[in-house]
Amino acid sequence: MHFHLPKPLHGWREFAGEVGIIVLGVLIALTAEALVEDIGWRGRVAEARQELRYELGQNVALLHDRLTEEQCVNHRLDELATIVTRASATGRLPPVGDIGFPSVYSWPDAVWQSQISAQTATHFPRRELGTIARVYRDFADLREENQRERVTWLTLRTITGPGRPVTPESIDRLIQAISEARGYNARFPVWAHVIVRLMNQGEIGSGFAQIDPKNPPVLNANEAICRTLGPAPPTYAG
């Protein structure tokens with residue numbers, strides 16, 4: 001019979017040492033890789049944060065721009081209410097010029113959506129991310145509100161023209177549209193208060209929103225709502 005003598009103990013120690021060195025090398029490599037990845041995400045987060053500042057800055061500027069129209073819109077609605085009240089008594093609309101239109105904005109969120117798609121948003125500090133997400137949700141709701149306001153004013157703009165007979169049903173639609181338009185106009189200051197307060201009390205702070213000097217928002221592009229009613233057009237649109 002042949003017996004195989006065990007290898008000396010120091011052989012196992014050498015083997016264990018070599019394995020330890022390999023494991024340590026792998027751990028160091030993984031740690032270094034994680035560190036490099038973390039540094040990379042920090043850089044992407046910093047870039048994304050500045051882009052979000054500019055996008056939110058544009059939205060805040062547009063919100064304040066819409067607020068400058070509030071009194072003009074109220075005045076125009078008062079004029080329209082007087083016209084409709086008289087028409088309900090006479091059965092005929094008088095000649096009415098262009099009544100204007102409250103501004104409708106896009107309320108951009110392309111940067112925010114791209115950061116979500118790129119998973120950059122998930123690497124923001126949790127509380128900061130929560131505040132930014134809430135602000136964008138409010139602007140999304142405001143976008144829908146602004147679009148509903150636009151539809152209401154499309155109804156009101158049917159009043160513009162050389163004068164025509166109106167039915168009681170048409171008068172009721174105009175009265176309803178005036179009431180809705182007043183509600184939309186009254187809610188814009190509320191939206192502004194909610195959004196600004198959220199930014200002031202949230203993690204990002206009131207100075208987060210900034211205007212992009214290379215791409216400033218176009219403000220006060222719609223001034224017709226603040227002008228005196230002009231001459232009536234010779235025909236009704238459409």
# chains A, B, ... in the order shown; residues from 1 in each chain; ligands from 1
call {"tool": "residues_around", "arguments": {"residues": "Gln115 of chain A", "least_positions_apart": "4", "cutoff": "12 Å", "atoms": "only C-alpha atoms", "output": "ChimeraX atom specification"}}
result
/A:41,44-52,109-111,119-124,129,132-133
call {"tool": "write_last_selection", "arguments": {"atoms": "C-alpha atoms", "output": "mmCIF file, in the first residue's frame"}}
result
data_model
loop_
_atom_site.group_PDB
_atom_site.id
_atom_site.type_symbol
_atom_site.label_atom_id
_atom_site.label_comp_id
_atom_site.auth_asym_id
_atom_site.auth_seq_id
_atom_site.Cartn_x
_atom_site.Cartn_y
_atom_site.Cartn_z
ATOM 1 C CA TRP A 41 -23.067 60.545 -10.059
ATOM 2 C CA ARG A 44 -24.133 64.443 -12.935
ATOM 3 C CA VAL A 45 -26.311 65.503 -10.001
ATOM 4 C CA ALA A 46 -24.542 68.872 -9.832
ATOM 5 C CA GLU A 47 -25.138 69.434 -13.548
ATOM 6 C CA ALA A 48 -28.752 68.301 -13.276
ATOM 7 C CA ARG A 49 -29.331 70.559 -10.256
ATOM 8 C CA GLN A 50 -28.257 73.634 -12.214
ATOM 9 C CA GLU A 51 -30.416 72.683 -15.193
ATOM 10 C CA LEU A 52 -33.389 72.197 -12.870
ATOM 11 C CA ASP A 109 -40.631 70.190 -17.388
ATOM 12 C CA ALA A 110 -38.419 68.572 -20.059
ATOM 13 C CA VAL A 111 -35.298 68.784 -17.870
ATOM 14 C CA GLN A 119 -32.144 57.976 -13.100
ATOM 15 C CA THR A 120 -30.136 61.018 -12.049
ATOM 16 C CA ALA A 121 -33.022 62.197 -9.892
ATOM 17 C CA THR A 122 -32.726 59.104 -7.687
ATOM 18 C CA HIS A 123 -29.233 60.200 -6.647
ATOM 19 C CA PHE A 124 -30.386 63.553 -5.236
ATOM 20 C CA LEU A 129 -35.686 65.377 -4.327
ATOM 21 C CA ILE A 132 -38.350 69.348 -6.317
ATOM 22 C CA ALA A 133 -40.814 66.591 -7.215
#
call {"tool": "select_by_dssp", "arguments": {"residues": "segment 15-234 of chain A", "states": "alpha helix (DSSP H)", "output": "PyMOL selection string"}}
result
chain A and resi 15-67+70-90+110-117+126-156+168-201
call {"tool": "closest_residue", "arguments": {"among": "A:Ile195, A:Ala87, A:Val96, A:Leu219", "to": "Ile175 of chain A", "atoms": "only C-alpha atoms"}}
result
A:Ala87
call {"tool": "closest_residue", "arguments": {"among": "A:Pro216, A:Gly205, A:Gly91, A:Pro102", "to": "Asn59 of chain A", "atoms": "only C-alpha atoms"}}
result
A:Pro216
call {"tool": "residues_around", "arguments": {"residues": "Glu203 of chain A", "least_positions_apart": "3", "cutoff": "9 Å", "atoms": "only C-alpha atoms", "output": "VMD selection string"}}
result
chain A and resid 127 to 132 198 to 200
